[in-house]
>>> print(open('run.cif').read())   # mmCIF, C-alpha atoms
data_input
#
loop_
_atom_site.group_PDB
_atom_site.id
_atom_site.type_symbol
_atom_site.label_atom_id
_atom_site.label_comp_id
_atom_site.auth_asym_id
_atom_site.auth_seq_id
_atom_site.Cartn_x
_atom_site.Cartn_y
_atom_site.Cartn_z
ATOM 1 C CA PRO A 143 -21.728 -21.665 -10.728
ATOM 2 C CA GLU A 144 -20.135 -18.240 -10.479
ATOM 3 C CA ARG A 145 -16.483 -18.441 -9.388
ATOM 4 C CA PHE A 146 -14.472 -15.812 -7.501
ATOM 5 C CA THR A 147 -10.855 -15.756 -6.361
ATOM 6 C CA VAL A 148 -10.492 -14.852 -2.685
ATOM 7 C CA HIS A 149 -8.207 -15.363 0.296
ATOM 8 C CA VAL A 150 -9.693 -17.467 3.065
ATOM 9 C CA TRP A 151 -8.384 -16.673 6.540
ATOM 10 C CA SER A 152 -8.696 -18.560 9.767
ATOM 11 C CA PRO A 153 -8.599 -16.297 12.871
ATOM 12 C CA LEU A 154 -5.030 -17.395 13.702
ATOM 13 C CA LEU A 155 -3.573 -16.852 10.226
ATOM 14 C CA ARG A 156 -5.388 -13.563 9.804
ATOM 15 C CA GLY A 157 -4.028 -12.422 13.159
ATOM 16 C CA LEU A 158 -0.469 -13.311 12.100
ATOM 17 C CA ALA A 159 -0.854 -11.532 8.744
ATOM 18 C CA LEU A 160 -2.402 -8.524 10.466
ATOM 19 C CA ALA A 161 0.452 -8.337 12.986
ATOM 20 C CA ALA A 162 3.058 -8.563 10.211
ATOM 21 C CA ARG A 163 1.390 -5.782 8.219
ATOM 22 C CA LEU A 164 1.070 -3.584 11.302
ATOM 23 C CA VAL A 165 4.762 -4.022 12.136
ATOM 24 C CA ALA A 166 5.775 -2.973 8.614
ATOM 25 C CA MET A 167 3.305 -0.076 8.582
ATOM 26 C CA GLY A 168 4.409 1.048 12.044
ATOM 27 C CA CYS A 169 8.071 1.047 10.998
ATOM 28 C CA LEU A 170 7.346 3.069 7.860
ATOM 29 C CA LEU A 171 5.129 5.476 9.783
ATOM 30 C CA PHE A 172 7.779 5.994 12.479
ATOM 31 C CA PHE A 173 10.558 6.862 10.047
ATOM 32 C CA SER A 174 8.203 8.827 7.758
ATOM 33 C CA THR A 175 7.057 11.006 10.655
ATOM 34 C CA TRP A 176 10.672 11.504 11.741
ATOM 35 C CA LEU A 177 11.604 12.616 8.227
ATOM 36 C CA ILE A 178 8.639 14.994 7.907
ATOM 37 C CA LEU A 179 9.508 16.606 11.255
ATOM 38 C CA ASP A 180 13.089 17.025 10.049
ATOM 39 C CA ILE A 181 11.876 18.691 6.855
ATOM 40 C CA LEU A 182 9.599 21.065 8.746
ATOM 41 C CA ALA A 183 12.376 21.925 11.206
ATOM 42 C CA ASN A 184 14.946 22.276 8.380
ATOM 43 C CA GLN A 185 17.346 19.806 10.004
ATOM 44 C CA GLN A 186 18.700 16.302 9.379
ATOM 45 C CA SER A 187 18.620 14.269 12.571
ATOM 46 C CA LEU A 188 17.578 11.103 10.698
ATOM 47 C CA GLN A 189 20.834 9.559 9.524
ATOM 48 C CA PRO A 190 21.101 7.044 6.637
ATOM 49 C CA ARG A 191 22.613 4.168 8.659
ATOM 50 C CA PRO A 192 19.852 3.744 11.284
ATOM 51 C CA LEU A 193 17.257 4.476 8.603
ATOM 52 C CA VAL A 194 18.511 1.695 6.315
ATOM 53 C CA LEU A 195 18.902 -0.734 9.214
ATOM 54 C CA GLY A 196 15.423 0.014 10.525
ATOM 55 C CA LEU A 197 13.801 -0.310 7.096
ATOM 56 C CA VAL A 198 15.625 -3.554 6.268
ATOM 57 C CA LEU A 199 14.646 -5.220 9.534
ATOM 58 C CA GLY A 200 11.214 -3.679 10.005
ATOM 59 C CA VAL A 201 9.672 -3.766 6.541
ATOM 60 C CA PRO A 202 10.784 -6.558 4.135
ATOM 61 C CA LEU A 203 10.716 -9.387 6.676
ATOM 62 C CA PRO A 204 7.169 -8.716 7.988
ATOM 63 C CA LEU A 205 5.881 -8.074 4.464
ATOM 64 C CA ALA A 206 7.477 -11.313 3.244
ATOM 65 C CA LEU A 207 5.719 -13.198 6.043
ATOM 66 C CA ALA A 208 2.405 -11.518 5.184
ATOM 67 C CA ALA A 209 2.870 -12.347 1.476
ATOM 68 C CA LEU A 210 3.629 -15.984 2.290
ATOM 69 C CA LEU A 211 0.538 -16.260 4.474
ATOM 70 C CA ARG A 212 -1.562 -14.574 1.808
ATOM 71 C CA TRP A 213 -0.269 -17.000 -0.824
ATOM 72 C CA SER A 214 -1.211 -19.949 1.379
ATOM 73 C CA ALA A 215 -4.694 -18.468 1.957
ATOM 74 C CA ARG A 216 -5.583 -18.182 -1.733
ATOM 75 C CA ALA A 217 -8.823 -19.976 -2.559
ATOM 76 C CA THR A 218 -11.843 -19.948 -4.855
ATOM 77 C CA VAL A 219 -15.510 -19.437 -4.055
ATOM 78 C CA ASP A 220 -18.181 -21.066 -6.215
ATOM 79 C CA VAL A 221 -21.677 -19.655 -5.777
ATOM 80 C CA GLU A 222 -23.958 -22.506 -6.776
ATOM 81 C CA ALA A 223 -27.739 -22.704 -6.802
ATOM 82 C CA THR A 224 -28.091 -24.058 -3.277
ATOM 83 C CA ARG A 225 -24.709 -23.648 -1.650
ATOM 84 C CA LEU A 226 -21.463 -21.737 -1.360
ATOM 85 C CA VAL A 227 -18.354 -23.867 -1.999
ATOM 86 C CA LEU A 228 -14.912 -22.787 -0.767
ATOM 87 C CA THR A 229 -11.948 -24.611 -2.306
ATOM 88 C CA LEU A 230 -8.662 -23.964 -0.500
ATOM 89 C CA ARG A 231 -5.196 -24.101 -2.026
ATOM 90 C CA SER A 232 -4.633 -27.399 -0.227
ATOM 91 C CA GLY A 233 -7.619 -28.894 -2.037
ATOM 92 C CA ALA A 234 -9.887 -28.944 0.999
ATOM 93 C CA ARG A 235 -13.522 -28.035 0.306
ATOM 94 C CA MET A 236 -16.079 -26.381 2.552
ATOM 95 C CA GLU A 237 -19.729 -26.357 1.529
ATOM 96 C CA ILE A 238 -22.158 -23.869 3.076
ATOM 97 C CA PRO A 239 -25.882 -23.999 2.188
ATOM 98 C CA HIS A 240 -27.346 -20.616 1.371
ATOM 99 C CA ASP A 241 -30.180 -21.324 3.767
ATOM 100 C CA ALA A 242 -27.695 -21.518 6.642
ATOM 101 C CA VAL A 243 -26.368 -17.963 6.094
ATOM 102 C CA GLU A 244 -28.200 -15.164 7.858
ATOM 103 C CA ALA A 245 -26.084 -12.216 6.702
ATOM 104 C CA VAL A 246 -22.773 -11.209 5.185
ATOM 105 C CA ARG A 247 -20.866 -8.501 7.049
ATOM 106 C CA PRO A 248 -17.721 -6.557 6.110
ATOM 107 C CA TRP A 249 -14.736 -6.768 8.425
ATOM 108 C CA ARG A 250 -14.551 -3.902 10.880
ATOM 109 C CA LEU A 251 -10.826 -3.527 10.169
ATOM 110 C CA PRO A 252 -9.908 -3.850 6.458
ATOM 111 C CA LEU A 253 -6.615 -5.638 7.156
ATOM 112 C CA PRO A 254 -4.734 -7.517 5.776
ATOM 113 C CA GLY A 255 -7.284 -6.348 3.201
ATOM 114 C CA PRO A 256 -11.014 -5.663 2.913
ATOM 115 C CA GLY A 257 -13.022 -8.770 3.637
ATOM 116 C CA LEU A 258 -16.319 -10.383 4.598
ATOM 117 C CA SER A 259 -17.599 -12.551 7.433
ATOM 118 C CA LEU A 260 -20.509 -14.958 7.146
ATOM 119 C CA ARG A 261 -22.977 -14.865 10.035
ATOM 120 C CA MET A 262 -24.863 -18.124 10.287
ATOM 121 C CA LYS A 263 -28.486 -18.529 11.340
ATOM 122 C CA SER A 264 -27.211 -20.486 14.336
ATOM 123 C CA GLY A 265 -25.882 -17.167 15.681
ATOM 124 C CA ARG A 266 -22.234 -18.023 15.115
ATOM 125 C CA VAL A 267 -19.792 -16.472 12.668
ATOM 126 C CA PHE A 268 -18.259 -18.827 10.103
ATOM 127 C CA ALA A 269 -14.733 -19.671 11.223
ATOM 128 C CA HIS A 270 -13.060 -18.479 7.995
ATOM 129 C CA GLY A 271 -13.180 -14.932 6.664
ATOM 130 C CA LEU A 272 -13.128 -14.076 2.967
ATOM 131 C CA GLU A 273 -10.699 -11.371 1.863
ATOM 132 C CA LEU A 274 -11.358 -9.680 -1.472
ATOM 133 C CA GLU A 275 -10.887 -6.045 -2.264
ATOM 134 C CA ASP A 276 -13.895 -5.570 -4.520
ATOM 135 C CA ALA A 277 -16.617 -7.558 -2.774
ATOM 136 C CA VAL A 278 -19.544 -6.203 -4.803
ATOM 137 C CA PRO A 279 -19.599 -8.918 -7.539
ATOM 138 C CA LEU A 280 -19.548 -11.679 -4.915
ATOM 139 C CA LEU A 281 -22.212 -9.935 -2.853
ATOM 140 C CA GLU A 282 -24.406 -9.560 -5.928
ATOM 141 C CA ALA A 283 -24.035 -13.267 -6.662
ATOM 142 C CA LEU A 284 -24.864 -14.171 -3.060
ATOM 143 C CA GLY A 285 -27.785 -11.749 -3.065
ATOM 144 C CA ARG A 286 -29.525 -13.805 -5.722
ATOM 145 C CA HIS A 287 -29.636 -16.737 -3.297
ATOM 146 C CA GLY A 288 -30.273 -15.182 0.100
ATOM 147 C CA THR A 289 -30.488 -12.121 2.317
ATOM 148 C CA LEU A 290 -27.398 -9.936 2.654
ATOM 149 C CA GLY A 291 -28.781 -7.040 4.626
ATOM 150 C CA ALA A 292 -27.027 -3.756 3.755
ATOM 151 C CA ALA A 293 -23.645 -5.325 2.930
ATOM 152 C CA GLN A 294 -23.421 -3.989 -0.630
ATOM 153 C CA SER A 295 -23.900 -0.385 0.490
ATOM 154 C CA HIS A 296 -21.653 -0.657 3.548
ATOM 155 C CA PRO A 297 -18.961 2.078 3.641
ATOM 156 C CA LEU A 298 -16.106 -0.456 3.869
ATOM 157 C CA VAL A 299 -17.419 -2.316 0.820
ATOM 158 C CA ARG A 300 -17.584 0.970 -1.119
ATOM 159 C CA TYR A 301 -14.107 1.852 0.158
ATOM 160 C CA GLY A 302 -12.658 -1.453 -1.052
ATOM 161 C CA GLN A 303 -14.395 -1.191 -4.421
ATOM 162 C CA ALA A 304 -13.049 2.334 -5.037
ATOM 163 C CA ARG A 305 -9.586 1.297 -3.838
ATOM 164 C CA HIS A 306 -9.547 -1.645 -6.216
ATOM 165 C CA ALA A 307 -10.625 0.479 -9.167
ATOM 166 C CA LEU A 308 -8.499 3.603 -8.699
ATOM 167 C CA TRP A 309 -5.265 2.733 -6.891
ATOM 168 C CA ARG A 310 -2.524 2.028 -9.438
ATOM 169 C CA ARG A 311 -0.320 -0.820 -8.233
ATOM 170 C CA ARG A 312 1.283 -2.166 -11.402
ATOM 171 C CA TRP A 313 5.000 -2.872 -11.093
ATOM 172 C CA TYR A 314 5.899 -0.229 -13.665
ATOM 173 C CA HIS A 315 3.968 2.401 -11.688
ATOM 174 C CA VAL A 316 6.010 1.510 -8.609
ATOM 175 C CA VAL A 317 9.286 1.621 -10.560
ATOM 176 C CA ALA A 318 8.473 4.976 -12.153
ATOM 177 C CA ARG A 319 7.264 6.503 -8.894
ATOM 178 C CA LEU A 320 9.867 5.250 -6.426
ATOM 179 C CA ILE A 321 12.972 4.519 -8.518
ATOM 180 C CA VAL A 322 12.945 6.609 -11.704
ATOM 181 C CA TYR A 323 11.415 9.862 -10.434
ATOM 182 C CA PRO A 324 13.873 10.315 -7.505
ATOM 183 C CA MET A 325 16.664 10.465 -10.110
ATOM 184 C CA LEU A 326 15.499 14.006 -10.945
ATOM 185 C CA PRO A 327 16.079 15.554 -7.500
ATOM 186 C CA ALA A 328 19.127 13.312 -7.021
ATOM 187 C CA GLY A 329 20.600 14.691 -10.257
ATOM 188 C CA ILE A 330 19.959 18.269 -9.110
ATOM 189 C CA LEU A 331 21.636 17.711 -5.743
ATOM 190 C CA PHE A 332 24.493 15.745 -7.274
ATOM 191 C CA GLN A 333 25.395 18.379 -9.840
ATOM 192 C CA LEU A 334 25.265 21.088 -7.150
ATOM 193 C CA HIS A 335 27.640 19.053 -5.003
ATOM 194 C CA GLN A 336 29.978 18.492 -7.938
ATOM 195 C CA ARG A 337 30.053 22.176 -8.838
ATOM 196 C CA ILE A 338 30.725 23.263 -5.250
ATOM 197 C CA ALA A 339 33.279 20.575 -4.387
ATOM 198 C CA PHE A 340 35.043 20.046 -7.733
ATOM 199 C CA GLY A 341 34.226 23.092 -9.839
ATOM 200 C CA GLY A 342 32.067 21.288 -12.416
ATOM 201 C CA VAL A 343 29.632 18.450 -13.021
ATOM 202 C CA LEU A 344 32.459 16.156 -14.202
ATOM 203 C CA GLY A 345 35.085 17.518 -11.840
ATOM 204 C CA GLU A 346 35.333 14.438 -9.635
ATOM 205 C CA TRP A 347 35.406 12.180 -12.694
ATOM 206 C CA GLN A 348 38.310 14.102 -14.174
ATOM 207 C CA SER A 349 40.181 14.179 -10.856
ATOM 208 C CA TYR A 350 39.546 10.709 -9.407
ATOM 209 C CA GLY A 351 37.971 8.652 -12.180
ATOM 210 C CA LEU A 352 34.595 7.317 -13.180
ATOM 211 C CA GLY A 353 34.334 4.956 -10.196
ATOM 212 C CA ALA A 354 34.567 7.746 -7.635
ATOM 213 C CA TRP A 355 32.095 9.861 -9.607
ATOM 214 C CA LEU A 356 29.553 7.032 -9.744
ATOM 215 C CA ARG A 357 29.982 6.256 -6.044
ATOM 216 C CA SER A 358 29.236 9.881 -5.214
ATOM 217 C CA PHE A 359 26.060 9.750 -7.284
ATOM 218 C CA GLU A 360 25.098 6.479 -5.601
ATOM 219 C CA ARG A 361 25.379 8.075 -2.143
ATOM 220 C CA VAL A 362 23.245 11.029 -3.169
ATOM 221 C CA TYR A 363 20.658 8.883 -4.947
ATOM 222 C CA THR A 364 20.374 6.448 -2.029
ATOM 223 C CA GLN A 365 19.613 9.288 0.381
ATOM 224 C CA VAL A 366 17.053 10.838 -1.983
ATOM 225 C CA PHE A 367 15.467 7.452 -2.720
ATOM 226 C CA LEU A 368 15.013 6.673 0.983
ATOM 227 C CA ASN A 369 13.574 10.119 1.690
ATOM 228 C CA PHE A 370 11.140 9.937 -1.221
ATOM 229 C CA LEU A 371 10.154 6.390 -0.232
ATOM 230 C CA LEU A 372 9.263 7.532 3.279
ATOM 231 C CA CYS A 373 7.397 10.567 1.977
ATOM 232 C CA ALA A 374 5.455 8.350 -0.428
ATOM 233 C CA CYS A 375 4.447 6.102 2.494
ATOM 234 C CA PHE A 376 3.406 9.130 4.548
ATOM 235 C CA ILE A 377 1.324 10.491 1.657
ATOM 236 C CA ARG A 378 -0.229 7.057 1.066
ATOM 237 C CA LEU A 379 -1.306 6.932 4.709
ATOM 238 C CA TRP A 380 -3.196 10.205 4.343
ATOM 239 C CA VAL A 381 -4.715 9.183 1.002
ATOM 240 C CA GLU A 382 -6.094 6.004 2.571
ATOM 241 C CA ALA A 383 -7.305 7.848 5.670
ATOM 242 C CA LEU A 384 -9.088 10.490 3.576
ATOM 243 C CA SER A 385 -10.633 7.831 1.332
ATOM 244 C CA LEU A 386 -11.818 5.805 4.313
ATOM 245 C CA VAL A 387 -13.357 8.818 6.048
ATOM 246 C CA GLY A 388 -15.018 9.852 2.793
ATOM 247 C CA ALA A 389 -16.476 6.355 2.353
ATOM 248 C CA TRP A 390 -17.898 6.459 5.880
ATOM 249 C CA LEU A 391 -19.389 9.929 5.526
ATOM 250 C CA MET A 392 -20.532 9.657 1.899
ATOM 251 C CA PRO A 393 -20.721 5.985 0.825
ATOM 252 C CA SER A 394 -22.383 6.858 -2.474
ATOM 253 C CA ARG A 395 -19.443 9.124 -3.368
ATOM 254 C CA ALA A 396 -16.633 6.844 -2.222
ATOM 255 C CA ARG A 397 -15.222 6.584 -5.754
ATOM 256 C CA GLY A 398 -15.162 10.353 -6.251
ATOM 257 C CA VAL A 399 -13.506 10.916 -2.869
ATOM 258 C CA ARG A 400 -10.900 8.256 -3.678
ATOM 259 C CA ARG A 401 -10.201 9.842 -7.066
ATOM 260 C CA GLY A 402 -9.707 13.255 -5.457
ATOM 261 C CA ALA A 403 -7.497 11.826 -2.708
ATOM 262 C CA GLU A 404 -5.331 10.000 -5.261
ATOM 263 C CA TRP A 405 -4.813 13.182 -7.274
ATOM 264 C CA LEU A 406 -3.958 15.144 -4.124
ATOM 265 C CA GLY A 407 -1.444 12.443 -3.244
ATOM 266 C CA ARG A 408 0.170 12.637 -6.689
ATOM 267 C CA LEU A 409 0.304 16.428 -6.468
ATOM 268 C CA ALA A 410 1.931 16.261 -3.036
ATOM 269 C CA TYR A 411 4.497 13.698 -4.186
ATOM 270 C CA TYR A 412 5.452 14.957 -7.642
ATOM 271 C CA VAL A 413 5.103 18.700 -7.009
ATOM 272 C CA GLY A 414 5.065 19.274 -3.263
ATOM 273 C CA LEU A 415 8.312 17.425 -2.565
ATOM 274 C CA MET A 416 10.139 19.306 -5.324
ATOM 275 C CA VAL A 417 8.818 22.603 -3.923
ATOM 276 C CA LEU A 418 10.091 21.649 -0.462
ATOM 277 C CA LEU A 419 13.463 20.693 -1.955
ATOM 278 C CA GLY A 420 13.722 24.006 -3.798
ATOM 279 C CA ALA A 421 12.738 25.963 -0.676
ATOM 280 C CA ARG A 422 15.334 24.108 1.371
ATOM 281 C CA LEU A 423 18.079 24.726 -1.182
ATOM 282 C CA LEU A 424 17.220 28.430 -1.403
ATOM 283 C CA GLY A 425 17.070 28.658 2.381
ATOM 284 C CA ASN A 426 20.586 27.255 2.690
ATOM 285 C CA GLU A 427 22.090 29.813 0.326
#
>>> encode(input="run.cif", output="structure tokens")
Amino acid sequence: PERFTVHVWSPLLRGLALAARLVAMGCLLFFSTWLILDILANQQSLQPRPLVLGLVLGVPLPLALAALLRWSARATVDVEATRLVLTLRSGARMEIPHDAVEAVRPWRLPLPGPGLSLRMKSGRVFAHGLELEDAVPLLEALGRHGTLGAAQSHPLVRYGQARHALWRRRWYHVVARLIVYPMLPAGILFQLHQRIAFGGVLGEWQSYGLGAWLRSFERVYTQVFLNFLLCACFIRLWVEALSLVGAWLMPSRARGVRRGAEWLGRLAYYVGLMVLLGARLLGNE
């Protein structure tokens, strides 16, 4: 048999995971939009304290719940000659004859991730959905044993396949993008503050010691880190929206649209934000 790793969701658990992801996404979108409006208006109405409090309460807790539910939903799918066998993390097994499946359909909403539903010949939908980002290998395996309709060419399947192939989500990419890179603008702002307030880059160190100097850098870096984090979330939203629209309009070019959207997102983050920072600094002179 051909084996695939998936996440198997009951309607209740998927609803809980979906709600948790939407809460986290809504919180990030709210603060990201607030920050972008501040940047466009050249003001700073979004203060660090409510921002940190909102992000701490509205993002890690829902995402932790979603991750826990996703861990519990991990399963394997074995595509055998006459049946489809789901083996859950708990050890429970569900066997579905290929002859009982009428069609495989992508989820209408790709959350908590892209997934598939099995429509049975009885007219009912199988109670558990299968989440997997790149569904094409599984669909190809199922296609050798039954009728899948147009599932493999569905825009959401192409969207998930391109997303799986082209979105970099390794831990070192996240560290470099969200932690290391903000040190550059933070260093620029910090040295400007030191020169204006203390007459030199090491002025505060020489006057009040290393501890005070490091605490000043920490305050500047924290503000820059939070701003860049929110901007990265805002840019990611538009990258996903553009990729999804492109997959719907041009399914055969979903990968090319995703590649272009990812490069536009990188350009906006690594170049556009620095341009906005430079324009704001020059505008305040």
>>> atom_distance(input="run.cif", atom1="CA of Ile321 in chain A", atom2="CA of Leu197 in chain A")
16.4 Å
>>> atom_distance(input="run.cif", atom1="CA of Phe146 in chain A", atom2="CA of Ala223 in chain A")
15.0 Å
>>> residues_near_point(input="run.cif", point="(27.9, 16.8, -5.4)", cutoff="12 Å", atoms="only C-alpha atoms", output="PDB file with C-alpha atoms, in the frame of the given file")
ATOM      1  CA  ALA A 328      19.127  13.312  -7.021  1.00  0.00           C
ATOM      2  CA  GLY A 329      20.600  14.691 -10.257  1.00  0.00           C
ATOM      3  CA  ILE A 330      19.959  18.269  -9.110  1.00  0.00           C
ATOM      4  CA  LEU A 331      21.636  17.711  -5.743  1.00  0.00           C
ATOM      5  CA  PHE A 332      24.493  15.745  -7.274  1.00  0.00           C
ATOM      6  CA  GLN A 333      25.395  18.379  -9.840  1.00  0.00           C
ATOM      7  CA  LEU A 334      25.265  21.088  -7.150  1.00  0.00           C
ATOM      8  CA  HIS A 335      27.640  19.053  -5.003  1.00  0.00           C
ATOM      9  CA  GLN A 336      29.978  18.492  -7.938  1.00  0.00           C
ATOM     10  CA  ARG A 337      30.053  22.176  -8.838  1.00  0.00           C
ATOM     11  CA  ILE A 338      30.725  23.263  -5.250  1.00  0.00           C
ATOM     12  CA  ALA A 339      33.279  20.575  -4.387  1.00  0.00           C
ATOM     13  CA  PHE A 340      35.043  20.046  -7.733  1.00  0.00           C
ATOM     14  CA  GLY A 341      34.226  23.092  -9.839  1.00  0.00           C
ATOM     15  CA  GLY A 342      32.067  21.288 -12.416  1.00  0.00           C
ATOM     16  CA  VAL A 343      29.632  18.450 -13.021  1.00  0.00           C
ATOM     17  CA  LEU A 344      32.459  16.156 -14.202  1.00  0.00           C
ATOM     18  CA  GLY A 345      35.085  17.518 -11.840  1.00  0.00           C
ATOM     19  CA  GLU A 346      35.333  14.438  -9.635  1.00  0.00           C
ATOM     20  CA  TRP A 347      35.406  12.180 -12.694  1.00  0.00           C
ATOM     21  CA  ALA A 354      34.567   7.746  -7.635  1.00  0.00           C
ATOM     22  CA  TRP A 355      32.095   9.861  -9.607  1.00  0.00           C
ATOM     23  CA  LEU A 356      29.553   7.032  -9.744  1.00  0.00           C
ATOM     24  CA  ARG A 357      29.982   6.256  -6.044  1.00  0.00           C
ATOM     25  CA  SER A 358      29.236   9.881  -5.214  1.00  0.00           C
ATOM     26  CA  PHE A 359      26.060   9.750  -7.284  1.00  0.00           C
ATOM     27  CA  GLU A 360      25.098   6.479  -5.601  1.00  0.00           C
ATOM     28  CA  ARG A 361      25.379   8.075  -2.143  1.00  0.00           C
ATOM     29  CA  VAL A 362      23.245  11.029  -3.169  1.00  0.00           C
ATOM     30  CA  TYR A 363      20.658   8.883  -4.947  1.00  0.00           C
TER      31      TYR A 363
END
>>> resolve_selection(input="run.cif", expression="the PyMOL selection byres ((chain A and resi 387-404) around 9)", output="ChimeraX atom specification")
/A:295-301,303-305,307-309,378,380-386,405-409
>>> closest_atom_pairs(input="run.cif", of="range 316-397 of chain A", to="range 167-181 of chain A", cutoff="9 Å", atoms="only C-alpha atoms", output="tab-separated table")
residue	atom	partner	partner_atom	distance
A:Asn369	CA	A:Leu177	CA	7.3
A:Leu371	CA	A:Ser174	CA	8.6
A:Leu372	CA	A:Ser174	CA	4.8
A:Cys373	CA	A:Ser174	CA	6.1
A:Ala374	CA	A:Ser174	CA	8.6
A:Cys375	CA	A:Leu170	CA	6.8
A:Phe376	CA	A:Ser174	CA	5.8
A:Leu379	CA	A:Leu171	CA	8.3
>>> write_last_selection(input="run.cif", atoms="C-alpha atoms", output="PDB file, in the coordinates of the input")
ATOM      1  CA  ASN A 369      13.574  10.119   1.690  1.00  0.00           C
ATOM      2  CA  LEU A 371      10.154   6.390  -0.232  1.00  0.00           C
ATOM      3  CA  LEU A 372       9.263   7.532   3.279  1.00  0.00           C
ATOM      4  CA  CYS A 373       7.397  10.567   1.977  1.00  0.00           C
ATOM      5  CA  ALA A 374       5.455   8.350  -0.428  1.00  0.00           C
ATOM      6  CA  CYS A 375       4.447   6.102   2.494  1.00  0.00           C
ATOM      7  CA  PHE A 376       3.406   9.130   4.548  1.00  0.00           C
ATOM      8  CA  LEU A 379      -1.306   6.932   4.709  1.00  0.00           C
TER       9      LEU A 379
END
>>> residues_around(input="run.cif", residues="Leu155 in chain A", least_positions_apart="4", cutoff="10 Å", atoms="all atoms listed in the file", output="short mmCIF file (atom, residue, chain, number, x, y, z; two decimals) with C-alpha atoms, in the frame of the given file")
data_model
loop_
_atom_site.label_atom_id
_atom_site.label_comp_id
_atom_site.auth_asym_id
_atom_site.auth_seq_id
_atom_site.Cartn_x
_atom_site.Cartn_y
_atom_site.Cartn_z
CA VAL A 150 -9.69 -17.47 3.06
CA TRP A 151 -8.38 -16.67 6.54
CA ALA A 159 -0.85 -11.53 8.74
CA LEU A 160 -2.40 -8.52 10.47
CA ALA A 161 0.45 -8.34 12.99
CA ALA A 208 2.40 -11.52 5.18
CA LEU A 211 0.54 -16.26 4.47
CA ARG A 212 -1.56 -14.57 1.81
CA SER A 214 -1.21 -19.95 1.38
CA ALA A 215 -4.69 -18.47 1.96
CA HIS A 270 -13.06 -18.48 8.00
#
>>> atom_distance(input="run.cif", atom1="CA of Val219 in chain A", atom2="CA of Thr147 in chain A")
6.4 Å
>>> residues_around(input="run.cif", residues="Leu274 in chain A", least_positions_apart="2", cutoff="8 Å", atoms="all atoms listed in the file", output="PyMOL selection string")
chain A and resi 147-149+255-258+272+276-277
>>> closest_residue(input="run.cif", among="A:Ala217, A:Ala245, A:Ala209, A:Val366", to="Met262 in chain A", atoms="only C-alpha atoms")
A:Ala245
>>> closest_residue(input="run.cif", among="A:Gly271, A:Gly157, A:Gly353, A:Gly265", to="Pro248 in chain A", atoms="all atoms listed in the file")
A:Gly271
>>> closest_residue(input="run.cif", among="A:Val201, A:Gly288, A:Ser264, A:Leu281", to="Asp241 in chain A", atoms="all atoms listed in the file")
A:Gly288
>>> closest_residue(input="run.cif", among="A:Leu230, A:Leu368, A:Pro143, A:Leu203", to="Gln189 in chain A", atoms="only C-alpha atoms")
A:Leu368
>>> axis_aligned_box(input="run.cif", around="range 157-165 of chain A", padding_each_side="3 Å", output="JSON")
{"center_x": 0.4, "center_y": -8.4, "center_z": 10.7, "size_x": 14.8, "size_y": 15.7, "size_z": 10.9}
>>> closest_residue(input="run.cif", among="A:Leu415, A:Leu320, A:Val278, A:Leu205", to="Leu164 in chain A", atoms="only C-alpha atoms")
A:Leu205
>>> build_atoms(input="run.cif", residues="range 226-237 of chain A", atoms="N, CA and C atoms", output="CSV table (one decimal), in the frame of the given file")
chain,number,residue,atom,x,y,z
A,226,LEU,N,-22.7,-22.5,-1.1
A,226,LEU,CA,-21.5,-21.7,-1.4
A,226,LEU,C,-20.3,-22.7,-1.1
A,227,VAL,N,-19.4,-22.9,-2.1
A,227,VAL,CA,-18.4,-23.9,-2.0
A,227,VAL,C,-17.0,-23.1,-2.0
A,228,LEU,N,-16.3,-23.3,-0.9
A,228,LEU,CA,-14.9,-22.8,-0.8
A,228,LEU,C,-13.9,-23.9,-1.1
A,229,THR,N,-13.0,-23.6,-2.0
A,229,THR,CA,-11.9,-24.6,-2.3
A,229,THR,C,-10.6,-24.0,-2.0
A,230,LEU,N,-9.9,-24.5,-1.0
A,230,LEU,CA,-8.7,-24.0,-0.5
A,230,LEU,C,-7.5,-24.4,-1.4
A,231,ARG,N,-6.4,-23.7,-1.2
A,231,ARG,CA,-5.2,-24.1,-2.0
A,231,ARG,C,-4.8,-25.6,-1.8
A,232,SER,N,-5.0,-26.0,-0.6
A,232,SER,CA,-4.6,-27.4,-0.2
A,232,SER,C,-5.5,-28.4,-0.9
A,233,GLY,N,-6.7,-28.0,-1.4
A,233,GLY,CA,-7.6,-28.9,-2.0
A,233,GLY,C,-8.8,-29.2,-1.2
A,234,ALA,N,-8.8,-28.7,0.1
A,234,ALA,CA,-9.9,-28.9,1.0
A,234,ALA,C,-11.1,-28.1,0.5
A,235,ARG,N,-12.3,-28.7,0.7
A,235,ARG,CA,-13.5,-28.0,0.3
A,235,ARG,C,-14.4,-27.8,1.5
A,236,MET,N,-15.1,-26.7,1.5
A,236,MET,CA,-16.1,-26.4,2.6
A,236,MET,C,-17.3,-26.0,1.8
A,237,GLU,N,-18.4,-26.6,2.2
A,237,GLU,CA,-19.7,-26.4,1.5
A,237,GLU,C,-20.7,-25.7,2.5
